Number of protein chains: 2
Amino acid sequence: MPNSQKKTKKELVFEAAGKLFMEKGYLAASMRELAERVGLEQASSLYNHLKSKEEVLRKICFDNANKFINGISEIEQQSNTSAEKVKQLIALHIRVATDDFTSVTVFNDEWRHLSEPFLSNFLTLRRDYENRFRKIIESGIASGEFKKTHSTVALYTILTSVRWIHYWYNEERELSLEDMEKDITSMLLTGLEKD
Amino acid sequence: MPNSQKKTKKELVFEAAGKLFMEKGYLAASMRELAERVGLEQASSLYNHLKSKEEVLRKICFDNANKFINGISEIEQQSNTSAEKVKQLIALHIRVATDDFTSVTVFNDEWRHLSEPFLSNFLTLRRDYENRFRKIIESGIASGEFKKTHSTVALYTILTSVRWIHYWYNEERELSLEDMEKDITSMLLTGLEKD
DNA sequence: CCTACCGATCGGTAGG
DNA sequence: CCTACCGATCGGTAGG
């Protein structure tokens, strides 16, 4: 909740933790530095607000997973063409990434430090999401909307195309969100080359 | 050198280290586990073959950076269309990734753990590479070969599209390298949609 | 390549 | 929220 107004100390701690995880990586982020950043003298004081370092990582990973799962569920229910659904999925990824780019970066890059059984749960959710995304691509190929392409290649090309946005988001942005979304969608659906 | 025949112990140690860095991440990879994997009882014995843990990371990061820099230098010298150059750049990324996917994964994901001045040197090389790649895209837009697209958006869409290959490389591969390259190039240059 | 070991740092707990 | 502290683990060195 990056834009809410009256934040509890717990929310502040969780947000600062996410930012630290993003900046240094989960393992390199120390509880002592986190304590400093939220104005606590001792790392031990953090444990009034969180159960463990990993609890924060779990929250970030599963909250973001749920954003994607809820998003694709809505998109599946609409009676649209496959091309329209893929466009909406691209828009979903861009929206999630720009809503809270800190947490989506941690979700993308640090999930592997989850311990079991959370790691397995997370991977199950991810595989499920990817399968549902792949099915949309495959029905577009079957219906003739899309070229005959290996669906896994198309899937990962789209999924990764959308993963550099947080990097761009930190730089000077000479481009509006809408224009960026238009350019990415255009490249993936109709290509960079002129007809 | 993943396929050479008579490897020195030093080469074996560096290779095993790269694999461990990929599997666990640089920070989570311990010198004690590396020692076990190469048949040494003590982590301290590793230091006959390497100067430090970071030395291995540095070698991986800069060796791969040089592969890309040498690749783009060759491509720039040829008198080809911009579209052909972009195709060759995509092929370069796929080739580097599949030649030694372990080391390219570490290069992609772990460079941030380089210490100064290596981190700054690395980022300078990366920025230089990206600028040269961007220039090729921009001349294709200027010449009318490519659609009017924000060149940074096009650049990162291409660069990240090619970063999931190591993931695919670990799974069962139902697809040849050549077919994958064809599908990725087709998606990025002419899009997923049928005309 | 091993033995022996070091100082630093880690996440986390007990108790108030 | 702090004081005091713990056991574990880390990368690395000295010396042979």
# chains A, B, ... in the order shown; residues from 1 in each chain; ligands from 1
$ interface_residues --of "chain B" --to "chain C" --cutoff "10 Å" --atoms "only C-alpha atoms (C1' of nucleotides)" --output "VMD selection string"
chain B and resid 40 to 42 44 to 46 48
$ residues_around --residues "region 150-167 of chain A" --least-positions-apart "5" --cutoff "8 Å" --atoms "only C-alpha atoms (C1' of nucleotides)" --output "number ranges by chain"
A: 90, 93-94, 97-98, 101-102, 105, 130, 133-134, 137-138, 184, 188; B: 156-158, 160-164, 180, 183-184, 187, 192
$ write_last_selection --atoms "N, CA and C atoms" --output "tab-separated table (two decimals), in the first residue's frame"
chain	number	residue	atom	x	y	z
A	90	ILE	N	-0.91	-7.99	-20.84
A	90	ILE	CA	0.25	-7.09	-20.87
A	90	ILE	C	-0.03	-5.85	-20.02
A	93	HIS	N	0.31	-6.65	-16.32
A	93	HIS	CA	1.69	-6.69	-15.85
A	93	HIS	C	2.26	-5.29	-15.68
A	94	ILE	N	1.96	-4.43	-16.62
A	94	ILE	CA	2.46	-3.06	-16.52
A	94	ILE	C	1.83	-2.35	-15.33
A	97	ALA	N	3.30	-3.66	-12.08
A	97	ALA	CA	4.69	-3.22	-11.93
A	97	ALA	C	4.78	-1.75	-11.57
A	98	THR	N	3.88	-0.93	-12.11
A	98	THR	CA	3.99	0.51	-11.86
A	98	THR	C	3.24	0.93	-10.60
A	101	PHE	N	6.38	-0.75	-7.76
A	101	PHE	CA	7.48	-1.41	-8.47
A	101	PHE	C	8.49	-2.03	-7.50
A	102	THR	N	8.56	-1.50	-6.29
A	102	THR	CA	9.45	-2.10	-5.30
A	102	THR	C	9.05	-3.54	-5.04
A	105	THR	N	9.48	-6.00	-7.91
A	105	THR	CA	10.88	-6.37	-8.14
A	105	THR	C	11.33	-7.46	-7.18
A	130	GLU	N	1.09	-19.39	-15.35
A	130	GLU	CA	1.71	-19.53	-16.68
A	130	GLU	C	0.88	-20.44	-17.58
A	133	PHE	N	-2.10	-18.49	-18.83
A	133	PHE	CA	-1.64	-17.53	-19.84
A	133	PHE	C	-1.37	-18.28	-21.16
A	134	ARG	N	-0.70	-19.42	-21.05
A	134	ARG	CA	-0.35	-20.19	-22.24
A	134	ARG	C	-1.60	-20.66	-22.98
A	137	ILE	N	-2.88	-17.99	-25.20
A	137	ILE	CA	-2.07	-17.91	-26.42
A	137	ILE	C	-2.43	-19.04	-27.38
A	138	GLU	N	-2.58	-20.24	-26.83
A	138	GLU	CA	-2.86	-21.40	-27.68
A	138	GLU	C	-4.22	-21.30	-28.37
A	184	ILE	N	5.02	-1.34	-26.16
A	184	ILE	CA	5.31	-2.75	-25.83
A	184	ILE	C	4.28	-3.66	-26.50
A	188	LEU	N	5.03	-6.55	-29.42
A	188	LEU	CA	4.80	-7.98	-29.21
A	188	LEU	C	3.72	-8.50	-30.14
B	156	TYR	N	14.82	-2.52	-24.49
B	156	TYR	CA	14.66	-3.39	-23.33
B	156	TYR	C	13.69	-4.53	-23.59
B	157	THR	N	12.73	-4.29	-24.46
B	157	THR	CA	11.84	-5.39	-24.81
B	157	THR	C	12.64	-6.52	-25.45
B	158	ILE	N	13.54	-6.15	-26.35
B	158	ILE	CA	14.38	-7.17	-26.98
B	158	ILE	C	15.34	-7.80	-25.97
B	160	THR	N	15.25	-8.15	-22.76
B	160	THR	CA	14.69	-9.02	-21.74
B	160	THR	C	14.01	-10.24	-22.36
B	161	SER	N	13.55	-10.11	-23.60
B	161	SER	CA	12.89	-11.23	-24.26
B	161	SER	C	13.78	-12.44	-24.36
B	162	VAL	N	15.04	-12.18	-24.20
B	162	VAL	CA	16.02	-13.20	-24.50
B	162	VAL	C	16.63	-13.74	-23.21
B	163	ARG	N	16.08	-13.27	-22.09
B	163	ARG	CA	16.68	-13.61	-20.80
B	163	ARG	C	16.05	-14.79	-20.10
B	164	TRP	N	15.03	-15.41	-20.69
B	164	TRP	CA	14.39	-16.55	-20.03
B	164	TRP	C	14.93	-17.86	-20.58
B	180	MET	N	13.54	-22.09	-31.92
B	180	MET	CA	13.29	-21.10	-30.88
B	180	MET	C	13.75	-19.73	-31.35
B	183	ASP	N	11.28	-18.31	-33.76
B	183	ASP	CA	10.05	-17.82	-33.14
B	183	ASP	C	10.26	-16.50	-32.39
B	184	ILE	N	11.35	-16.40	-31.66
B	184	ILE	CA	11.60	-15.16	-30.92
B	184	ILE	C	11.81	-13.99	-31.89
B	187	MET	N	8.53	-13.00	-33.42
B	187	MET	CA	7.65	-12.24	-32.52
B	187	MET	C	8.11	-10.80	-32.40
B	192	LEU	N	3.25	-11.24	-32.90
B	192	LEU	CA	2.54	-12.50	-32.71
B	192	LEU	C	1.33	-12.61	-33.61
$ residues_around --residues "region 81-88 of chain B" --least-positions-apart "5" --cutoff "9 Å" --atoms "only C-alpha atoms (C1' of nucleotides)" --output "PyMOL selection string"
(chain A and resi 193) or (chain B and resi 72+75-76+93+133+136-141+143+145-146+185+189)
$ residues_around --residues "Phe14 (chain A)" --least-positions-apart "2" --cutoff "10 Å" --atoms "only C-alpha atoms (C1' of nucleotides)" --output "list of chain:residue names"
A:Thr8, A:Lys9, A:Lys10, A:Glu11, A:Leu12, A:Ala16, A:Ala17, A:Gly18, A:Lys19, A:Leu20, A:Leu34, A:Val38, A:His49, A:Leu50, A:Lys53, A:Glu55, A:Val56, A:Leu57, A:Lys59, A:Ile60
$ select_by_dssp --residues "region 15-137 of chain B" --states "alpha helix (DSSP H)" --output "NGL selection string"
:B and (15-24 or 31-37 or 53-77 or 82-99 or 101-110 or 118-137)
$ residues_around --residues "region 109-122 of chain B" --least-positions-apart "5" --cutoff "8 Å" --atoms "only C-alpha atoms (C1' of nucleotides)" --output "PyMOL selection string"
chain B and resi 25-26+54+57-58+61-62+65
$ write_last_selection --atoms "C-alpha atoms" --output "compact mmCIF listing (two decimals), in the first residue's frame"
# COMPACT_ATOMS: atom_id res chain seq x y z
CA GLY B 25 22.66 -17.04 -5.70
CA TYR B 26 26.08 -15.52 -5.04
CA GLU B 54 34.51 -12.44 -5.73
CA LEU B 57 32.14 -13.58 -9.93
CA ARG B 58 34.31 -10.96 -11.58
CA CYS B 61 30.69 -11.04 -15.29
CA PHE B 62 33.49 -9.57 -17.37
CA ALA B 65 30.36 -8.68 -20.98
